[in-house]
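Undergrad: I am attaching a structure below and will ask some questions about it afterwards.
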Amino acid sequence: MKPGQIGKLLILQDTPLYKLVDGELVIDKILKKGSTYRIYNFRAEYLGVGGGYFVKRDERIDYRTPSKQKLNAVRCANPKPETPAPPPPTPPGNEGTPPPVVVIPEKPKLEPFDLGTQVSNLSTLASRAGMDKSGNAYLYIILHGTPSSLAVVDVNTNETKSIFSLGNSTSAWAIEVDQNGIVWVGGTSNGHLYSYDPNIHEFKDHGDMLVGTAETTIQDLAVTHQYVYGSTAYGASVFAFNKFTGQREFIRSASFGKQFAKSILAEADDSSLYVSIGPLADIFRWDVRLDNKTPLLTEVYKSESYAEKMKRIDDDLIAIKFFPSKKANLYSLSKGAFLQEFVADSRGFSPIEYEKNEFYYTYDGNFYAYYLGTGTIRNTNARLPRKRTALSLDFVQLKSNPSRNILTGLIDNEGNYFLYNPFSNVVTVKKAILPSHPVNLHTLLTDPDNRYVYVNGFMTGGLTKFDSLERKGVQLGGVNQLESGIVMNGKLYGGAYPKARLIEITPNELWDQSSIKELISLDKYRQERITAMAGYNNTHLFAGTYAQDSLKGGLLLNYNVAIGDYKVYEDYITNQSIISLLQDDQYIYGGTSIHSNYQRDQFSAKFFRFNPANPEEKEFFFLPVRATMIMSLIKGPDGDIWGAADGTIFAYNPNLNKFRSVKLLNAISGRFSNARLIAGKDGFVYGTMEGRIFRINPTDMSYTIMLESGAYEIAQDGIGNIYYRNLANLYMIPVEKLHPSIE
């Protein structure tokens with residue numbers, strides 16, 4: 001052991017060594033099987049080997065730590081005491097009675113109780129259509145869930161023929177069909193690549209294409225005879241999978257400093273790739289063999305976030321759709337120029353219908369045809385149901401009329417799909433019969449009485465009201481993913497994603513759609529997420545946003561819940577997003593993130609407050625640590641204001657203008673959410689951070705890590721039981737297990 005060492009690892013399989021460069025982890029070299037290294041610190045799921053180098057903690061390494069006695073003996077452990085900490089202060093009003101004796105063991109023997117899945121949804125994310133060699137037409141649909149799955153729907157009969165589990169993915173939207181009719185799917189969050197061959201009814205999981213990198217999602221796929229190419233986030237990389245060898249041949253950064261490699265195309269002979277990256281948008285042709293890149297995008301479109309979809313129309317033309325403007329254009333490779341701008345809201349474009357010499361897309365519910373002979377665009381006046389758009393557009397041939405191309409694809413997230421005959425101009429809508437799936441949980445919050453724990457579903461939404469007394473929940477559909485929420489005046493207010501919508505839910509006996517009301521949408525200010533809320537005098541609701549597609553920072557919303565009036569303060573903290581708010585006394589306190597519009601502000605995150613009567617007058621406080629995010633502001637059991645500044649937990653006394661703090665982790669991940677805190681009924685502060693549950697004694701800021709992994713968000717009921725989420729399940733730590741006696 002060396003001073004500062006906390007453990008040791010053995011390399012079981014060759015694994016990358018990462019170096020911390022400008023706050024990002026990049027691969028420096030490959031560590032060989034059999035070598036050993038000392039571990040000195042943590043960074044999320046990475047282990048620090050010293051000198052700013054890290055190894056990912058996964059199945060390729062064996063990490064071990066010595067006993068705490070040995071660590072203490074060489075003074076390598078965290079200096080905070082591991083022996084029982086003194087009890088918290090006596091609550092006001094009980095000064096005359098002896099404080100309760102609270103004994104905290106060295107390792108609390110927690111026995112979390114699994115309350116099971118809480119939110120289940122039928123949500124169709126993406127689709128592609130294709131034909132097998134026997135002339136059967138299929139629509140391949142990705143179903144969101146934990147895990148997600150691939151459904152095979154016979155377009156002729158509307159029968160769901162098969163459902164295959166995407167076992168290592170909780171979501172997926174990259175999907176493509178190759179020239180042999182084989183469908184390929186790229187998943188998240190482990191980056192597995194899957195395939196299904198309808199000709200032999202064979203489904204395969206080809207493994208993690210993102211292994212050895214910090215990438216987390218596959219954004220898009222392109223397939224050729226020999227390769228499957230994938231674009232990724234959040235390091236904007238591209239990989240190549242060889243279909244014949246079954247191996248990933250390479251994964252490379254498409255552009256350093258970008259977060260998305262969003263859409264990808266490939267030449268049939270594998271000579272070049274076309275990659276769109278962002279933000280901000282750029283597109284280039286990439287000869288991966290020579291590593292030569294040729295820019296295609298003009299300055300006109302470089303203010304877009306990214307090119308959302310690219311479609312090869314013929315040997316010369318690429319149709320490109322941009323986000324968020326919905327502008328589209330045709331790029332001519334031979335001319336090296338864009339030809340004609342138009343608007344489209346479909347997720348891409350159809351192939352050419354050669355007999356009519358047209359390709360198709362949708363906008364505002366209508367099918368449009370682009371005639372390649374003259375460049376004429378016409379509205380076919382063939383319409384989809386209200387507020388629907390084509391999520392995919394592929395030609396198939398039906399057995400009832402095998403000589404004609406029929407366009408098909410999803411139109412929503414509920415399993416509805418269209419059949420469009422471009423010759424008769426008739427649109428038919430069908431609904432696939434598909435099962436609901438449990439989904440990952442997202443936001444937890446409680447009512448003022450702490451009886452009900454509200455549990456929200458990730459991405460596809462859904463909100464369950466869990467009764468902590470009866471230990472059962474009732475789900476309300478039609479609620480999107482919530483980034484924040486508060487219960488005030490008997491109503492639940494939530495920040496719904498996308499489009500930063502403020503919704504109001506009035507709980508009733510039916511707990512149905514009639515209880516949901518949208519109050520305002522902030523997307524007109526180019527905001528995407530309402531990440532913080534605080535109430536004031538039961539009349540005003542203050543909300544802060546994360547700026548995703550604005551060139552500015554987040555805004556502050558002052559909404560009068562009594563009369564429905566509101567005021568917006570744009571770019572409230574210049575170039576930063578507001579991610580935490582708290583009402584205390586006559587002030588609203590707030591915390592920010594330096595992340596805004598996929599950019600990082602050069603300054604540290606801010607801790608501030610304002611008088612609700614005059615929000616424009618802000619008062620800033622200088623934290624004892626520099627941080628990228630200031631999260632989860634709460635009123636602590638000691639009366640101080642508590643929050644998380646990256647891996648440090650702080651307490652601020654407004655009367656004395658003094659800070660206390662304790663560092664739990666050296667670094668954390670995320671842009672606007674990670675740590676969550678609650679004021680425990682037993683006088684301690686509880687929280688989650690990077691999957692850990694911890695407890696802090698306000699008396700001396702000593703802490704105990706109660707669970708090392710698998711715990712996210714946190715809530716407490718009226719009895720004192722603690723709740724947290726992990727994947728699709730809700731867990732409870734009974735109050736009697738929070739302070740077990742030492743055996």
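Letters A, B, ... mark the chains of the structure tokens in the order given; residue numbers begin at 1 per chain; ligand numbers begin at 1, in order shown.
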I need the strand (DSSP E or B) residues of segment 467-599 of chain A per DSSP on the backbone, written as number ranges by chain.

TA: A: 467, 472-476, 481-488, 491-497, 501-505, 516-521, 529-536, 540-546, 556-560, 566-569, 577-584, 587-593, 595-596, 599

Undergrad: Please provide as a short mmCIF file (atom, residue, chain, number, x, y, z; two decimals) with N, CA and C atoms, in the first residue's frame all residues within 8 Å of Gly235 of chain A, with the sequence filter that same-chain residues fewer than 6 positions apart are discarded (counting only C-alpha atoms).

TA:
data_model
loop_
_atom_site.label_atom_id
_atom_site.label_comp_id
_atom_site.auth_asym_id
_atom_site.auth_seq_id
_atom_site.Cartn_x
_atom_site.Cartn_y
_atom_site.Cartn_z
N ALA A 214 -16.18 6.07 -24.20
CA ALA A 214 -17.12 6.73 -23.30
C ALA A 214 -18.46 7.00 -23.98
N GLU A 215 -18.65 6.49 -25.20
CA GLU A 215 -19.91 6.66 -25.91
C GLU A 215 -21.03 5.88 -25.21
N SER A 253 -13.43 8.96 -33.45
CA SER A 253 -14.12 10.24 -33.26
C SER A 253 -14.32 10.89 -34.61
N PHE A 256 -13.75 16.03 -32.81
CA PHE A 256 -13.49 16.33 -31.41
C PHE A 256 -14.20 17.63 -31.01
N GLY A 257 -14.79 17.62 -29.83
CA GLY A 257 -15.50 18.79 -29.34
C GLY A 257 -16.98 18.77 -29.62
N LYS A 258 -17.45 17.88 -30.50
CA LYS A 258 -18.87 17.73 -30.77
C LYS A 258 -19.44 16.61 -29.90
N GLN A 259 -20.77 16.59 -29.75
CA GLN A 259 -21.41 15.58 -28.92
C GLN A 259 -22.17 14.53 -29.71
N PHE A 260 -22.68 14.91 -30.88
CA PHE A 260 -23.48 13.98 -31.67
C PHE A 260 -22.85 13.73 -33.02
N ALA A 261 -22.70 12.46 -33.39
CA ALA A 261 -22.62 12.07 -34.79
C ALA A 261 -24.03 11.57 -35.08
#

Undergrad: Find the residues near Thr428 of chain A: any atom within 7 Å, counting only C-alpha atoms, skip ones fewer than 4 places away on the same chain, and give them as a list in words.

TA: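 The contact residues come out as Phe418, Leu419 and Tyr420 of chain A.
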
Undergrad: Given the selection you just returned, output its residues as a file containing all heavy atoms, formatted as a short mmCIF file (atom, residue, chain, number, x, y, z; two decimals), in the first residue's frame.

TA:
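Dumped to out13.cif:
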data_model
loop_
_atom_site.label_atom_id
_atom_site.label_comp_id
_atom_site.auth_asym_id
_atom_site.auth_seq_id
_atom_site.Cartn_x
_atom_site.Cartn_y
_atom_site.Cartn_z
N PHE A 418 -49.16 3.76 -41.20
CA PHE A 418 -49.92 4.11 -42.40
C PHE A 418 -49.56 3.21 -43.57
O PHE A 418 -48.46 2.62 -43.62
CB PHE A 418 -49.67 5.57 -42.79
CG PHE A 418 -48.27 5.83 -43.31
CD1 PHE A 418 -47.97 5.70 -44.67
CD2 PHE A 418 -47.25 6.21 -42.45
CE1 PHE A 418 -46.68 5.93 -45.14
CE2 PHE A 418 -45.96 6.43 -42.92
CZ PHE A 418 -45.68 6.30 -44.27
N LEU A 419 -50.46 3.11 -44.51
CA LEU A 419 -50.22 2.54 -45.83
C LEU A 419 -50.66 3.59 -46.84
O LEU A 419 -51.84 3.97 -46.88
CB LEU A 419 -51.02 1.25 -46.02
CG LEU A 419 -50.66 0.08 -45.09
CD1 LEU A 419 -51.66 -1.06 -45.25
CD2 LEU A 419 -49.25 -0.42 -45.37
N TYR A 420 -49.73 4.08 -47.64
CA TYR A 420 -50.05 5.13 -48.62
C TYR A 420 -49.77 4.60 -50.02
O TYR A 420 -48.65 4.21 -50.35
CB TYR A 420 -49.22 6.38 -48.34
CG TYR A 420 -49.32 7.42 -49.44
CD1 TYR A 420 -50.56 7.93 -49.84
CD2 TYR A 420 -48.18 7.91 -50.09
CE1 TYR A 420 -50.66 8.88 -50.85
CE2 TYR A 420 -48.27 8.86 -51.08
CZ TYR A 420 -49.51 9.34 -51.47
OH TYR A 420 -49.60 10.28 -52.48
#

Undergrad: Excluding segment 145-157 of chain A and residues on its chain fewer than 6 positions from it, collect all residues at most 8 Å away from it, counting only C-alpha atoms, and give them as a VMD selection string.

TA: chain A and resid 120 to 121 136 to 139 163 to 172 398 to 399 432 434 437 to 440 727 to 728

Undergrad: Within 8 Å of Leu407 of chain A, counting only C-alpha atoms, which residues qualify if same-chain residues fewer than 4 places away don't, as a PyMOL selection string?

TA: chain A and resi 350+393-396+418-422

Undergrad: Given the choices A:Leu297, A:Ile6, A:Val455, A:Ile578, which gets closest to Leu115 of chain A if the distance is worked out from only C-alpha atoms?

TA: A:Val455

Undergrad: Skip Asp28 of chain A itself and residues of its chain fewer than 6 positions away, then list as a list in words all residues within 10 Å of it, counting only C-alpha atoms.

TA: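 Listing them by chain and then by number gives Pro16, Leu17, Tyr18, Lys19, Leu20, Tyr53 and Phe54 of chain A.
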
Undergrad: When distances are computed from only C-alpha atoms, which of A:His739, A:Arg388, A:His144, A:Arg676 shows the smallest separation from Thr688 of chain A?

TA: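 Closest to Thr688 of chain A of all the choices is A:Arg676.
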
Undergrad: Rounded to one decimal, what separation in Å do you get between atom CA of Ile649 of chain A and atom CA of Val662 of chain A?

TA: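 Those two atoms sit 5.5 Å apart.
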
Undergrad: So, with only C-alpha atoms as the atoms that count, which of A:Ala129, A:Ala328, A:Val183, A:Ala382 lies closest to Tyr368 of chain A?

TA: A:Ala382
